[in-house]
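*Asks:* Got upload.txt for you, compact mmCIF, C-alpha atoms:
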```
# COMPACT_ATOMS: atom_id res chain seq x y z
CA MET T 1 23.44 -16.62 3.18
CA ARG T 2 20.57 -18.54 1.60
CA GLU T 3 22.71 -21.63 0.90
CA SER T 4 24.43 -21.66 4.31
CA SER T 5 21.10 -21.48 6.17
CA LYS T 6 19.84 -24.36 4.01
CA VAL T 7 22.91 -26.50 4.88
CA ILE T 8 22.61 -25.66 8.59
CA GLY T 9 18.91 -26.51 8.46
CA TYR T 10 19.57 -29.93 6.98
CA ILE T 11 22.42 -30.65 9.47
CA LEU T 12 20.14 -29.78 12.42
CA LEU T 13 17.37 -31.90 10.95
CA VAL T 14 19.66 -34.93 10.52
CA PHE T 15 21.19 -34.67 14.01
CA GLY T 16 17.77 -34.01 15.55
CA THR T 17 16.22 -37.07 13.92
CA LEU T 18 19.22 -39.19 14.96
CA SER T 19 18.91 -37.93 18.54
CA LEU T 20 15.17 -38.68 18.59
CA ILE T 21 15.75 -42.23 17.31
CA LEU T 22 18.46 -42.79 19.94
CA SER T 23 16.20 -41.37 22.68
CA ILE T 24 13.50 -43.92 21.77
CA PHE T 25 16.09 -46.70 21.66
CA TYR T 26 17.66 -45.81 25.05
CA GLU T 27 14.48 -44.20 26.52
CA HIS T 28 16.51 -41.11 27.39
CA VAL T 29 14.57 -37.90 28.22
CA ILE T 30 17.47 -35.45 27.64
CA LEU T 31 18.25 -36.96 24.24
CA ALA T 32 14.55 -36.67 23.34
CA PHE T 33 14.49 -32.96 24.26
CA ILE T 34 17.69 -32.33 22.28
CA GLY T 35 16.27 -34.26 19.31
CA LEU T 36 12.99 -32.42 19.45
CA GLY T 37 14.74 -29.04 19.61
CA LEU T 38 17.23 -29.78 16.82
CA THR T 39 14.54 -31.21 14.52
CA PHE T 40 12.25 -28.27 15.15
CA TRP T 41 14.90 -25.59 14.61
CA GLY T 42 16.24 -27.42 11.55
CA ALA T 43 12.78 -27.51 10.02
CA LEU T 44 12.23 -23.88 11.02
CA LEU T 45 15.48 -22.77 9.35
CA LEU T 46 14.38 -24.45 6.14
CA PHE T 47 10.89 -22.91 6.45
CA ILE T 48 11.89 -19.30 7.17
CA ARG T 49 14.53 -19.13 4.44
CA PRO T 50 15.86 -15.65 3.67
CA GLY T 51 13.87 -13.98 0.91
CA LYS T 52 15.52 -12.66 -2.24
CA TYR T 53 16.47 -9.03 -1.66
CA VAL T 54 18.06 -6.47 -3.95
CA LYS T 55 20.19 -3.56 -2.88
CA GLU T 56 18.62 -0.10 -2.76
CA LYS T 57 21.28 1.19 -5.19
CA LEU T 58 19.99 -1.21 -7.88
CA LEU T 59 16.49 0.19 -7.51
CA ASN T 60 17.78 3.70 -8.24
CA THR T 61 19.92 2.77 -11.19
CA THR T 62 17.18 0.79 -12.92
CA THR T 63 14.34 3.26 -12.33
CA LEU T 64 15.95 6.62 -13.01
CA PRO T 65 16.81 6.25 -16.74
CA THR T 66 13.14 5.56 -17.59
CA LEU T 67 12.01 8.62 -15.64
CA ALA T 68 14.76 10.72 -17.23
CA ASP T 69 13.55 9.54 -20.66
CA ILE T 70 9.95 10.62 -19.96
CA ASN T 71 11.25 13.96 -18.69
CA GLN T 72 13.36 14.46 -21.81
CA ILE T 73 10.49 13.59 -24.18
CA LEU T 74 8.10 15.98 -22.43
CA ALA T 75 10.73 18.74 -22.35
CA GLU T 76 11.54 18.38 -26.05
CA LEU T 77 7.88 18.40 -27.02
CA GLU T 78 7.40 21.46 -24.80
CA TYR T 79 4.56 20.06 -22.74
CA GLN T 80 3.64 22.68 -20.15
CA GLY T 81 0.39 21.36 -18.65
CA LYS T 82 0.01 19.84 -15.20
CA PRO T 83 0.01 15.99 -15.33
CA THR T 84 -3.29 14.61 -14.01
CA TYR T 85 -3.93 11.04 -12.91
CA LEU T 86 -7.18 9.94 -14.52
CA PRO T 87 -9.35 7.34 -12.73
CA PRO T 88 -10.46 4.10 -14.47
CA LYS T 89 -13.81 5.57 -15.54
CA TYR T 90 -11.89 7.48 -18.24
CA PHE T 91 -10.87 4.19 -19.86
CA THR T 92 -12.55 1.02 -21.08
CA ASN T 93 -10.41 -1.17 -18.78
CA PRO T 94 -11.90 -0.74 -15.27
CA GLU T 95 -8.53 -1.40 -13.59
CA THR T 96 -6.31 0.95 -15.55
CA CYS T 97 -5.14 4.46 -14.75
CA GLN T 98 -3.19 6.86 -16.95
CA ILE T 99 -1.66 10.30 -16.72
CA TYR T 100 -3.10 13.05 -18.88
CA ILE T 101 -0.54 15.75 -19.73
CA PRO T 102 -1.88 18.68 -21.78
CA LYS T 103 0.57 20.62 -23.92
CA ASP T 104 -0.94 23.94 -22.95
CA LYS T 105 -1.17 25.06 -19.32
CA ASN T 106 -4.76 26.23 -19.64
CA THR T 107 -6.21 23.09 -21.24
CA THR T 108 -9.10 21.60 -19.29
CA LEU T 109 -9.49 17.89 -18.57
CA PRO T 110 -11.04 15.73 -21.30
CA THR T 111 -14.31 13.90 -20.76
CA PRO T 112 -14.31 10.10 -20.22
CA GLN T 113 -15.86 9.68 -23.70
CA GLU T 114 -12.97 11.58 -25.30
CA THR T 115 -10.25 9.55 -23.57
CA LYS T 116 -12.01 6.26 -24.28
CA LYS T 117 -11.84 7.05 -28.01
CA HIS T 118 -8.07 7.55 -27.95
CA GLU T 119 -6.91 5.51 -24.97
CA ASN T 120 -4.50 3.37 -27.01
CA LYS T 121 -2.65 6.42 -28.29
CA ILE T 122 0.08 8.28 -26.43
CA PHE T 123 -0.30 11.64 -28.18
CA LEU T 124 -3.76 13.15 -28.57
CA LYS T 125 -4.84 16.02 -30.79
CA ASN T 126 -7.45 18.75 -30.31
CA PRO T 127 -6.32 19.65 -27.71
CA GLU T 128 -2.75 18.43 -27.88
CA ALA T 129 -1.99 16.20 -24.94
CA ALA T 130 -0.25 12.98 -23.92
CA LEU T 131 -1.69 9.93 -22.19
CA ILE T 132 1.09 8.01 -20.50
CA ILE T 133 1.30 5.00 -18.22
CA PRO T 134 2.25 6.13 -14.69
CA PRO T 135 5.65 4.98 -13.35
CA GLY T 136 3.94 3.58 -10.25
CA LEU T 137 1.26 1.53 -12.03
CA SER T 138 2.89 -1.85 -11.41
CA LEU T 139 3.65 -0.91 -7.82
CA SER T 140 0.02 0.05 -7.19
CA LYS T 141 -1.09 -3.24 -8.76
CA LEU T 142 1.28 -5.01 -6.36
CA PHE T 143 -0.42 -3.16 -3.47
CA GLU T 144 -3.80 -4.37 -4.74
CA LYS T 145 -2.51 -7.93 -5.14
CA THR T 146 -1.14 -7.82 -1.57
CA THR T 147 -4.45 -6.68 -0.08
CA GLY T 148 -6.44 -8.86 -2.46
CA LYS T 149 -8.79 -5.98 -3.21
CA SER T 150 -8.90 -3.48 -6.05
CA PHE T 151 -8.63 0.16 -4.95
CA THR T 152 -11.61 0.91 -7.21
CA LYS T 153 -13.79 -0.92 -4.67
CA THR T 154 -12.45 1.04 -1.70
CA ASP T 155 -12.41 4.58 -0.35
CA ILE T 156 -9.92 6.95 1.26
CA GLU T 157 -10.58 5.57 4.77
CA HIS T 158 -9.65 2.12 3.49
CA LEU T 159 -6.37 3.50 2.09
CA GLN T 160 -5.60 5.26 5.37
CA GLN T 161 -6.11 2.03 7.27
CA ASN T 162 -4.51 -0.46 4.87
CA LEU T 163 -1.61 1.31 3.14
CA PRO T 164 0.51 1.40 6.35
CA LYS T 165 0.21 -2.40 6.68
CA ILE T 166 1.17 -2.92 3.01
CA PHE T 167 4.11 -0.52 3.23
CA ILE T 168 5.45 -1.63 6.62
CA GLU T 169 4.55 -5.26 7.18
CA ASP T 170 3.77 -6.84 3.83
CA LEU T 171 6.24 -5.25 1.40
CA GLU T 172 8.65 -3.61 3.89
CA ILE T 173 9.23 -0.65 1.56
CA ALA T 174 8.95 1.98 4.29
CA GLU T 175 9.09 2.34 8.05
CA ASN T 176 5.87 4.30 8.21
CA ILE T 177 3.27 6.05 6.08
CA GLU T 178 0.70 8.57 7.21
CA ILE T 179 -2.14 9.67 4.98
CA GLN T 180 -4.06 12.74 6.05
CA THR T 181 -6.95 14.37 4.29
CA LYS T 182 -7.27 18.14 4.24
CA PRO T 183 -10.57 19.70 3.28
CA SER T 184 -10.58 22.37 0.59
CA LYS T 185 -11.30 26.02 1.49
CA THR T 186 -14.85 25.85 0.18
CA ALA T 187 -15.55 22.54 1.85
CA LYS T 188 -14.37 23.92 5.21
CA LYS T 189 -17.39 26.18 5.31
CA LEU T 190 -19.78 23.30 4.97
CA THR T 191 -21.46 21.65 7.91
CA ASP T 192 -20.48 18.20 9.12
CA ALA T 193 -23.53 16.71 7.49
CA VAL T 194 -22.16 17.42 4.05
CA ALA T 195 -18.50 17.14 4.98
CA LEU T 196 -18.18 14.07 2.78
CA ILE T 197 -17.46 16.48 -0.06
CA HIS T 198 -14.15 17.19 1.73
CA LEU T 199 -12.57 14.08 0.35
CA GLN T 200 -13.83 14.74 -3.13
CA THR T 201 -12.45 18.25 -3.45
CA GLY T 202 -9.67 18.60 -0.90
CA THR T 203 -6.02 17.69 -0.69
CA ILE T 204 -4.42 14.57 0.67
CA HIS T 205 -1.07 14.63 2.38
CA ALA T 206 1.11 11.52 2.48
CA LYS T 207 4.23 11.26 4.59
CA ILE T 208 6.44 8.24 3.93
CA THR T 209 9.20 7.57 6.46
CA ASN T 210 12.47 5.86 5.52
CA SER T 211 11.36 4.36 2.26
CA VAL T 212 13.55 2.37 -0.11
CA TYR T 213 12.45 4.87 -2.77
CA THR T 214 13.69 7.97 -0.90
CA ASP T 215 16.91 8.22 -2.93
CA THR T 216 15.02 7.70 -6.20
CA CYS T 217 12.62 10.44 -5.16
CA LYS T 218 15.52 12.74 -4.28
CA GLU T 219 17.19 12.10 -7.63
CA THR T 220 14.02 13.09 -9.53
CA GLU T 221 14.30 16.63 -8.12
CA THR T 222 16.46 17.47 -11.14
CA LEU T 223 13.72 16.29 -13.52
CA PRO T 224 11.11 19.10 -13.70
CA HIS T 225 8.47 17.06 -15.56
CA ILE T 226 8.72 14.23 -13.02
CA HIS T 227 9.24 15.99 -9.68
CA ALA T 228 5.95 17.22 -8.15
CA ALA T 229 4.26 16.43 -11.47
CA ILE T 230 4.27 12.79 -12.59
CA GLY T 231 6.04 11.82 -9.38
CA CYS T 232 8.57 9.19 -8.40
CA PRO T 233 7.36 5.54 -8.54
CA ILE T 234 6.14 5.42 -4.92
CA CYS T 235 4.38 8.82 -5.07
CA SER T 236 2.88 7.79 -8.40
CA ALA T 237 1.61 4.50 -6.93
CA ILE T 238 -0.09 6.40 -4.09
CA ALA T 239 -1.59 8.85 -6.62
CA ILE T 240 -3.05 5.88 -8.52
CA ALA T 241 -4.45 4.43 -5.29
CA ILE T 242 -6.07 7.80 -4.45
CA THR T 243 -7.51 8.36 -7.92
CA LYS T 244 -8.95 4.83 -7.92
CA ALA T 245 -10.36 5.14 -4.41
CA THR T 246 -11.89 8.60 -4.93
CA ARG T 247 -12.84 7.95 -8.60
CA LYS T 248 -11.68 11.53 -9.28
CA PRO T 249 -8.69 12.92 -11.22
CA VAL T 250 -5.69 13.62 -9.00
CA THR T 251 -2.62 15.82 -9.36
CA ILE T 252 0.61 15.81 -7.38
CA GLU T 253 0.96 19.32 -5.96
CA LYS T 254 4.02 18.95 -3.77
CA GLU T 255 6.77 16.38 -3.51
CA GLN T 256 9.52 16.93 -1.00
CA THR T 257 12.25 14.77 0.48
CA ASN T 258 13.40 15.76 3.97
CA GLY T 259 16.19 13.48 5.09
CA ARG T 260 14.65 10.01 4.89
CA ASN T 261 11.06 11.27 4.60
CA ILE T 262 9.00 11.87 1.48
CA ASP T 263 6.19 14.41 1.85
CA THR T 264 3.68 14.49 -0.95
CA GLU T 265 0.53 16.48 -1.42
CA TYR T 266 -2.18 15.31 -3.78
CA ARG T 267 -5.09 17.38 -4.99
CA ILE T 268 -8.39 15.82 -5.94
CA ILE T 269 -9.87 17.64 -8.92
CA LEU T 270 -13.56 18.34 -9.13
CA GLU T 271 -14.69 17.48 -12.63
CA GLU T 272 -16.78 19.94 -14.64
CA MET W 1 11.56 -48.91 23.27
CA ASN W 2 9.15 -46.11 24.13
CA PHE W 3 9.18 -42.39 23.37
CA PRO W 4 10.53 -41.02 26.69
CA LEU W 5 8.60 -37.71 26.70
CA SER W 6 5.12 -37.43 28.17
CA PHE W 7 2.35 -35.16 26.90
CA TRP W 8 3.24 -32.59 29.60
CA ASP W 9 6.93 -32.63 28.68
CA ILE W 10 5.97 -31.74 25.12
CA SER W 11 3.59 -29.06 26.44
CA LEU W 12 6.46 -27.49 28.41
CA TRP W 13 8.76 -27.68 25.38
CA LEU W 14 6.10 -26.04 23.23
CA ALA W 15 5.69 -23.24 25.81
CA VAL W 16 9.43 -22.47 25.85
CA THR W 17 9.70 -22.61 22.06
CA ALA W 18 6.59 -20.45 21.60
CA ILE W 19 7.98 -17.79 23.97
CA ILE W 20 11.31 -17.70 22.09
CA LEU W 21 9.65 -17.53 18.67
CA LEU W 22 7.00 -14.98 19.64
CA THR W 23 9.62 -12.71 21.24
CA THR W 24 11.90 -13.00 18.19
CA SER W 25 9.00 -12.38 15.84
CA GLU W 26 7.95 -9.28 17.78
CA LEU W 27 11.49 -7.89 18.07
CA THR W 28 12.21 -8.35 14.35
CA SER W 29 8.87 -6.84 13.34
CA PRO W 30 9.19 -4.14 10.64
CA TYR W 31 6.99 -1.92 12.85
CA TYR W 32 10.08 -1.36 15.01
CA GLY W 33 12.22 -0.42 12.04
CA LYS W 34 13.97 -3.78 11.69
CA THR W 35 13.70 -3.83 7.92
CA ASN W 36 17.26 -5.00 7.32
CA LEU W 37 16.89 -8.55 8.64
CA LEU W 38 16.93 -10.86 5.63
CA ILE W 39 14.49 -13.53 6.73
CA ASN W 40 10.92 -14.23 5.82
CA LYS W 41 9.32 -12.51 8.81
CA LYS W 42 5.81 -13.50 7.84
CA ARG W 43 6.72 -17.18 8.01
CA LEU W 44 8.51 -16.65 11.34
CA LYS W 45 5.38 -14.97 12.70
CA ASN W 46 3.21 -17.84 11.43
CA ALA W 47 5.53 -20.44 12.98
CA ALA W 48 5.48 -18.54 16.30
CA LEU W 49 1.69 -18.29 16.29
CA THR W 50 1.30 -21.97 15.39
CA THR W 51 3.62 -23.06 18.22
CA GLY W 52 1.80 -20.76 20.64
CA THR W 53 -1.58 -22.15 19.53
CA LEU W 54 -0.34 -25.74 19.94
CA PHE W 55 0.76 -24.92 23.49
CA LEU W 56 -2.63 -23.35 24.25
CA ILE W 57 -4.33 -26.51 22.94
CA THR W 58 -2.30 -28.60 25.42
CA VAL W 59 -3.38 -26.17 28.17
CA ALA W 60 -7.02 -26.56 27.11
CA ILE W 61 -6.66 -30.34 27.26
CA ARG W 62 -5.17 -30.01 30.76
CA ILE W 63 -8.07 -27.78 31.91
CA TYR W 64 -10.60 -30.19 30.38
CA GLU W 65 -8.95 -33.08 32.26
CA ILE W 66 -9.08 -31.16 35.56
CA ILE W 67 -12.77 -30.30 35.08
CA THR W 68 -13.81 -33.82 34.10
CA SER W 69 -11.80 -35.49 36.92
CA THR W 70 -13.60 -33.53 39.68
```
Written as structure tokens, that's how I'd like the structure from this file.

*Replies:*
Amino acid sequence: MRESSKVIGYILLVFGTLSLILSIFYEHVILAFIGLGLTFWGALLLFIRPGKYVKEKLLNTTTLPTLADINQILAELEYQGKPTYLPPKYFTNPETCQIYIPKDKNTTLPTPQETKKHENKIFLKNPEAALIIPPGLSLSKLFEKTTGKSFTKTDIEHLQQNLPKIFIEDLEIAENIEIQTKPSKTAKKLTDAVALIHLQTGTIHAKITNSVYTDTCKETETLPHIHAAIGCPICSAIAIAITKATRKPVTIEKEQTNGRNIDTEYRIILEE
Amino acid sequence: MNFPLSFWDISLWLAVTAIILLTTSELTSPYYGKTNLLINKKRLKNAALTTGTLFLITVAIRIYEIITST
């Protein structure tokens, strides 16, 4: 496909140039129009060359083993705690984000000082926990590179406005994405004047339509430590974007694939 | 041995080309679910907008000529 369009482009360009030269020589209007058209379309074919695409199946087969490995490790080590996406303030690198998985269900979140001390380790002690790199970290960095702005310098409104463009137009990884914020029960009682707290304590619902990651997401349903916990790569990338934008820890509460849609619910955790 | 097309011939050609490219760009836009077309849509959109802008420049020149001739 790529090579044939290149050949056709060059052929059009050669014939177009020839026609233009002849039109000048014979002063022929029709030949000039034909030459102009052929040259233009030849140049255009060379300019809008097909991009390099990979099949969706390849995406699944290369991503799933890594996720299955993480799931297996966490299962064997009997990690029961809810994975939490920690914002960059928990680390020395202001652009990083990691997942904190406590071994015990009732373990509270560490303080930024505690994580900064052990950020280069995977397994932490007192309390026992794991700090792992999220599967969607590179994808979220790609989102940032595409927009040219770090999510740490944005807010939820910015994500709501810009993620659809990144997903649909720039990267073409989904047909649509809707991000809706839901206030928490306590925040609902507050007046509009202090409703800003909504975004800091509530839940965020993301609906991705016809994404290239839908099958990967569906396949992770058999991995209990990944599904609705760490999340599939695309859900993980959105979780990173949210945790960076809100500067608060985030958990994935719900992850559901309905047909070609992925519905995910994120919860923003109020730190102690 | 002269180039047989006048400025207005090129303006007309630009108009036709711009219409074709802008329509194609809009119809193949991923916003309408056409995510399976393997071409660089961003470049197509840029080419369409450039051609359209060039045509509008020729129109502006025409308007300027009309204003200054009266």

*Asks:* For chain W, which residues have at least one atom within 10 Å of chain T, if we go by all atoms listed in the file? Write them as an NGL selection string, please.

*Replies:* :W and (1-6 or 9-10 or 13-14 or 17 or 29-47)

*Asks:* At what distance in Å, to one decimal, does CA of Leu18 (chain T) lie from CA of Ile20 (chain W)?

*Replies:*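 For CA of Ile20 (chain W) relative to CA of Leu18 (chain T), the distance reads 24.0 Å.
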
*Asks:* Would you compute the distance between CA of Ile242 (chain T) and CA of Thr152 (chain T)? Give it in Å to one decimal.

*Replies:*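 Between these atoms lies a distance of 9.3 Å.
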
*Asks:* Rounded to one decimal, what separation in Å do you get between CA of Glu128 (chain T) and CA of Ile73 (chain T)?

*Replies:*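 Result for CA of Glu128 (chain T) versus CA of Ile73 (chain T): 14.6 Å, one decimal.
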
*Asks:* Would you mind listing what lies within 10 Å of Leu49 (chain W) as a PyMOL selection string, with only C-alpha atoms counted and same-chain residues fewer than 5 positions away left out?

*Replies:* chain W and resi 18-19+21-22+25+43-44+54-55

*Asks:* If the box runs along x, y and z of the file and leaves 8 Å on each side of region 41-44 of chain W, what are its centre and edge lengths in Å, one decimal, as AutoDock Vina command-line options?

*Replies:*
```
--center_x 7.6 --center_y -14.8 --center_z 9.6 --size_x 19.5 --size_y 20.7 --size_z 19.5
```

*Asks:* Go through W:Thr58, W:Ile63, W:Thr51, W:Ser69 one by one, measure the shortest atom-to-atom distance of each to Phe7 (chain W) using only C-alpha atoms, and give the residue with the smallest value.

*Replies:*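 Selected residue with least distance to Phe7 (chain W): W:Thr58.
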
*Asks:* Determine, counting only C-alpha atoms, which protein, DNA and RNA residues have an atom within 10 Å of an atom of His118 (chain T); residues of the same chain fewer than 6 positions away are not included. Present the result as a ChimeraX atom specification.

*Replies:* /T:91,124-125,131

*Asks:* If we count all atoms listed in the file, what is near Gly9 (chain T) at a cut-off of 7 Å, once residues fewer than 5 positions away on the same chain are taken out, given as a PyMOL selection string?

*Replies:* chain T and resi 42-43+45-46

*Asks:* Here is a test: counting all atoms listed in the file, which residue of W:Arg62, W:Thr70, W:Ala15, W:Leu27 is nearest to Thr50 (chain W)?

*Replies:*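 Of all the options, W:Ala15 lies closest to Thr50 (chain W).
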